[in-house]
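Here's the structure we're looking at; comments come further down.
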Amino acid sequence: MSDSLGFLISDVSRLMRRRFDERAREVGATRAQWRTLTTLSRNEGLNQGALADLLEVEPITLCRMIDRLEESGLVERRRDPADRRAWQLFLTDKSKPILADLRRMADDLFVQVLSGMGEAERTALGKSLERMRANLLTLPSPRTTETAHG
């Protein structure tokens, strides 16, 4: 059961990412760009290091992404008034309609993915996934467990 459930969750996630990528390319974006822009829209003014932490990517990887988004006119870097060595990140007005298009695409994809499921099934699925996430977040890391037993 656990192997097949894990594979099923992974496969659904992979297929959703693939389908979203296909749709995002229609507006000239990638899923990684959408994720970066969406996370930044919720956290404008962060520096690149903090945004990289939120996205769980290496800072150099994010730096290249921000460079491309800045060249496209979707993101701007502004000097941090508290630290002249640091840059804060902000969305530009040009990014807003693209983000809205990508959000609509994601919403449409979810409508298609959840097709045939009733409201009760959707609610149960959401609650189950939230419970699984909460359980995973509260699990001790292997290092914590080793330290406690060693």
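Simple scheme: letters A, B, ... for chains in structure tokens order, numbers from 1 for residues in each chain, numbers from 1 for ligands in the order shown.
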message: When you look at Leu54 of chain A with a cut-off of 12 Å (counting only C-alpha atoms), what residues show up, excluding the ones that are within fewer than 2 positions of it in the same chain? I need them as a VMD selection string.
response: chain A and resid 35 to 36 38 to 40 42 to 43 46 to 52 56 to 59 62
Written selection (all heavy atoms) as a compact mmCIF listing (two decimals), in the first residue's frame:
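Written output follows (result.txt):
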```
# COMPACT_ATOMS: atom_id res chain seq x y z
N ARG A 35 6.61 29.79 -10.26
CA ARG A 35 6.79 29.54 -8.83
C ARG A 35 7.58 30.69 -8.19
O ARG A 35 7.24 31.16 -7.10
CB ARG A 35 7.51 28.21 -8.64
CG ARG A 35 7.61 27.78 -7.22
CD ARG A 35 8.10 26.33 -7.14
NE ARG A 35 8.28 25.97 -5.77
CZ ARG A 35 9.45 25.67 -5.22
NH1 ARG A 35 10.53 25.64 -5.95
NH2 ARG A 35 9.53 25.38 -3.95
N THR A 36 8.62 31.14 -8.86
CA THR A 36 9.42 32.25 -8.34
C THR A 36 8.59 33.52 -8.25
O THR A 36 8.60 34.22 -7.22
CB THR A 36 10.67 32.47 -9.22
OG1 THR A 36 11.44 31.26 -9.24
CG2 THR A 36 11.51 33.62 -8.72
N THR A 38 5.31 33.84 -8.15
CA THR A 38 4.23 33.70 -7.18
C THR A 38 4.75 33.84 -5.76
O THR A 38 4.16 34.55 -4.94
CB THR A 38 3.52 32.34 -7.36
OG1 THR A 38 2.96 32.28 -8.66
CG2 THR A 38 2.41 32.16 -6.34
N THR A 39 5.87 33.19 -5.47
CA THR A 39 6.45 33.29 -4.14
C THR A 39 6.89 34.73 -3.85
O THR A 39 6.65 35.25 -2.76
CB THR A 39 7.63 32.32 -3.98
OG1 THR A 39 7.16 30.99 -4.26
CG2 THR A 39 8.21 32.36 -2.58
N LEU A 40 7.47 35.38 -4.84
CA LEU A 40 7.87 36.77 -4.67
C LEU A 40 6.66 37.67 -4.48
O LEU A 40 6.71 38.61 -3.67
CB LEU A 40 8.71 37.23 -5.86
CG LEU A 40 9.27 38.65 -5.77
CD1 LEU A 40 10.10 38.83 -4.50
CD2 LEU A 40 10.11 38.95 -7.00
N ARG A 42 4.08 37.10 -2.91
CA ARG A 42 3.63 36.96 -1.51
C ARG A 42 4.67 37.49 -0.52
O ARG A 42 4.38 37.56 0.68
CB ARG A 42 3.36 35.48 -1.21
CG ARG A 42 2.23 34.91 -2.03
CD ARG A 42 2.08 33.42 -1.78
NE ARG A 42 1.04 32.88 -2.65
CZ ARG A 42 1.03 31.64 -3.10
NH1 ARG A 42 2.00 30.80 -2.77
NH2 ARG A 42 0.05 31.23 -3.88
N ASN A 43 5.87 37.79 -1.03
CA ASN A 43 6.98 38.18 -0.14
C ASN A 43 7.84 39.27 -0.76
O ASN A 43 9.07 39.21 -0.68
CB ASN A 43 7.86 36.95 0.14
CG ASN A 43 7.11 35.83 0.80
OD1 ASN A 43 6.90 35.83 1.99
ND2 ASN A 43 6.68 34.85 0.01
N LEU A 46 11.93 40.78 -0.24
CA LEU A 46 12.93 39.83 0.26
C LEU A 46 14.23 39.97 -0.51
O LEU A 46 14.23 40.40 -1.66
CB LEU A 46 12.45 38.39 0.07
CG LEU A 46 11.42 37.82 1.02
CD1 LEU A 46 11.13 36.38 0.66
CD2 LEU A 46 11.89 37.92 2.46
N ASN A 47 15.32 39.54 0.10
CA ASN A 47 16.56 39.46 -0.66
C ASN A 47 16.63 38.08 -1.31
O ASN A 47 15.82 37.20 -1.02
CB ASN A 47 17.78 39.76 0.21
CG ASN A 47 17.98 38.73 1.31
OD1 ASN A 47 17.78 37.54 1.14
ND2 ASN A 47 18.40 39.21 2.47
N GLN A 48 17.61 37.89 -2.20
CA GLN A 48 17.70 36.65 -2.95
C GLN A 48 17.93 35.44 -2.06
O GLN A 48 17.39 34.37 -2.30
CB GLN A 48 18.80 36.74 -4.01
CG GLN A 48 18.39 37.57 -5.18
CD GLN A 48 19.44 37.66 -6.27
OE1 GLN A 48 19.31 38.47 -7.14
NE2 GLN A 48 20.47 36.86 -6.24
N GLY A 49 18.72 35.60 -1.02
CA GLY A 49 18.99 34.48 -0.12
C GLY A 49 17.73 33.98 0.57
O GLY A 49 17.48 32.77 0.64
N ALA A 50 16.93 34.91 1.06
CA ALA A 50 15.68 34.53 1.74
C ALA A 50 14.70 33.90 0.76
O ALA A 50 14.02 32.93 1.09
CB ALA A 50 15.06 35.76 2.41
N LEU A 51 14.63 34.44 -0.47
CA LEU A 51 13.74 33.86 -1.47
C LEU A 51 14.21 32.47 -1.86
O LEU A 51 13.41 31.55 -2.02
CB LEU A 51 13.65 34.78 -2.70
CG LEU A 51 12.66 34.35 -3.78
CD1 LEU A 51 11.24 34.22 -3.25
CD2 LEU A 51 12.70 35.33 -4.95
N ALA A 52 15.52 32.28 -1.99
CA ALA A 52 16.07 30.95 -2.31
C ALA A 52 15.68 29.95 -1.23
O ALA A 52 15.32 28.80 -1.53
CB ALA A 52 17.58 31.02 -2.47
N GLU A 56 13.47 26.68 -1.73
CA GLU A 56 14.29 25.49 -1.52
C GLU A 56 15.19 25.21 -2.73
O GLU A 56 15.25 24.10 -3.26
CB GLU A 56 13.43 24.27 -1.17
CG GLU A 56 12.69 24.43 0.14
CD GLU A 56 11.84 23.23 0.52
OE1 GLU A 56 11.44 22.45 -0.37
OE2 GLU A 56 11.58 23.08 1.72
N VAL A 57 15.86 26.28 -3.19
CA VAL A 57 16.84 26.15 -4.28
C VAL A 57 18.14 26.81 -3.81
O VAL A 57 18.15 27.60 -2.86
CB VAL A 57 16.36 26.83 -5.59
CG1 VAL A 57 15.10 26.15 -6.12
CG2 VAL A 57 16.14 28.31 -5.42
N GLU A 58 19.21 26.48 -4.50
CA GLU A 58 20.50 27.09 -4.19
C GLU A 58 20.47 28.57 -4.60
O GLU A 58 19.88 28.92 -5.62
CB GLU A 58 21.62 26.38 -4.94
CG GLU A 58 21.86 24.96 -4.45
CD GLU A 58 22.28 24.90 -3.00
OE1 GLU A 58 23.10 25.74 -2.58
OE2 GLU A 58 21.78 24.01 -2.28
N PRO A 59 21.12 29.43 -3.82
CA PRO A 59 21.12 30.87 -4.16
C PRO A 59 21.63 31.16 -5.57
O PRO A 59 21.09 32.03 -6.25
CB PRO A 59 22.05 31.47 -3.10
CG PRO A 59 21.90 30.55 -1.93
CD PRO A 59 21.75 29.18 -2.53
N LEU A 62 18.85 30.55 -8.05
CA LEU A 62 17.87 31.63 -8.02
C LEU A 62 18.45 32.89 -8.65
O LEU A 62 17.73 33.61 -9.36
CB LEU A 62 17.41 31.92 -6.60
CG LEU A 62 16.37 33.04 -6.52
CD1 LEU A 62 15.08 32.64 -7.23
CD2 LEU A 62 16.09 33.42 -5.09
```
message: Give me, as a ChimeraX atom specification, all polymer residues having an atom no more than 12 Å from Ala100 of chain A, counting only C-alpha atoms and skipping those fewer than 5 positions away in the same chain.
response: /A:24,27,34,37-38,41,93-95,105-107
Export N, CA and C atoms of the chosen residues as a CSV table (one decimal), in the first residue's frame?
```csv
chain,number,residue,atom,x,y,z
A,24,ALA,N,2.1,26.8,-19.6
A,24,ALA,CA,2.8,28.0,-19.3
A,24,ALA,C,3.7,28.4,-20.5
A,27,VAL,N,2.4,31.2,-22.8
A,27,VAL,CA,2.6,32.6,-22.5
A,27,VAL,C,4.1,32.9,-22.3
A,34,TRP,N,7.1,30.8,-12.8
A,34,TRP,CA,5.8,31.0,-12.2
A,34,TRP,C,5.9,30.8,-10.7
A,37,LEU,N,7.9,33.8,-9.3
A,37,LEU,CA,7.1,35.1,-9.3
A,37,LEU,C,6.0,35.0,-8.3
A,38,THR,N,5.3,33.8,-8.2
A,38,THR,CA,4.2,33.7,-7.2
A,38,THR,C,4.8,33.8,-5.8
A,41,SER,N,5.6,37.4,-5.2
A,41,SER,CA,4.4,38.2,-5.0
A,41,SER,C,3.8,38.2,-3.6
A,93,ASP,N,5.2,46.0,-12.8
A,93,ASP,CA,3.8,46.0,-13.3
A,93,ASP,C,3.6,45.0,-14.4
A,94,LYS,N,4.7,44.9,-15.2
A,94,LYS,CA,4.6,44.0,-16.4
A,94,LYS,C,4.4,42.5,-15.9
A,95,SER,N,4.8,42.1,-14.7
A,95,SER,CA,4.6,40.8,-14.3
A,95,SER,C,3.2,40.4,-13.9
A,105,MET,N,-4.4,29.6,-15.8
A,105,MET,CA,-4.0,28.3,-16.3
A,105,MET,C,-3.9,27.2,-15.3
A,106,ALA,N,-3.4,27.5,-14.1
A,106,ALA,CA,-3.3,26.5,-13.0
A,106,ALA,C,-4.7,26.2,-12.5
A,107,ASP,N,-5.6,27.2,-12.4
A,107,ASP,CA,-6.9,26.9,-12.0
A,107,ASP,C,-7.7,26.0,-13.0
```
statement: One decimal place gives the atom CA of Leu89 of chain A-atom CA of Ala29 of chain A separation as 18.8 Å
task: Name all residues at most 9 Å from Phe20 of chain A (count only C-alpha atoms; drop same-chain ones fewer than 2 positions away) and give them as a list in words.
output: Leu15, Met16, Arg17, Arg18, Glu22, Arg23, Ala24, Arg25, Thr30, Arg31, Leu102, Met105, Ala106 and Leu109 of chain A
message: Using DSSP secondary structure from the backbone, list all strand (DSSP E) positions within segment 6-107 of chain A, as a ChimeraX atom specification.
response: /A:75-80,83-91
message: To test your reading of the structure, identify every residue in chain A that backbone DSSP assigns to alpha helix (DSSP H), and report it as an MDAnalysis selection string.
response: chainID A and resid 2:24 31:42 48:55 59:71 95:113 119:138 142:149
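The closest residue to Phe90 of chain A, picked from A:Glu70, A:Glu26, A:Glu76, A:Asp21 and counting only C-alpha atoms, is A:Glu76.
The smallest atom-to-atom distance between Val75 of chain A and any of A:Glu44, A:Asp11, A:Glu119, A:Asp3, using only C-alpha atoms, is found for A:Glu44.
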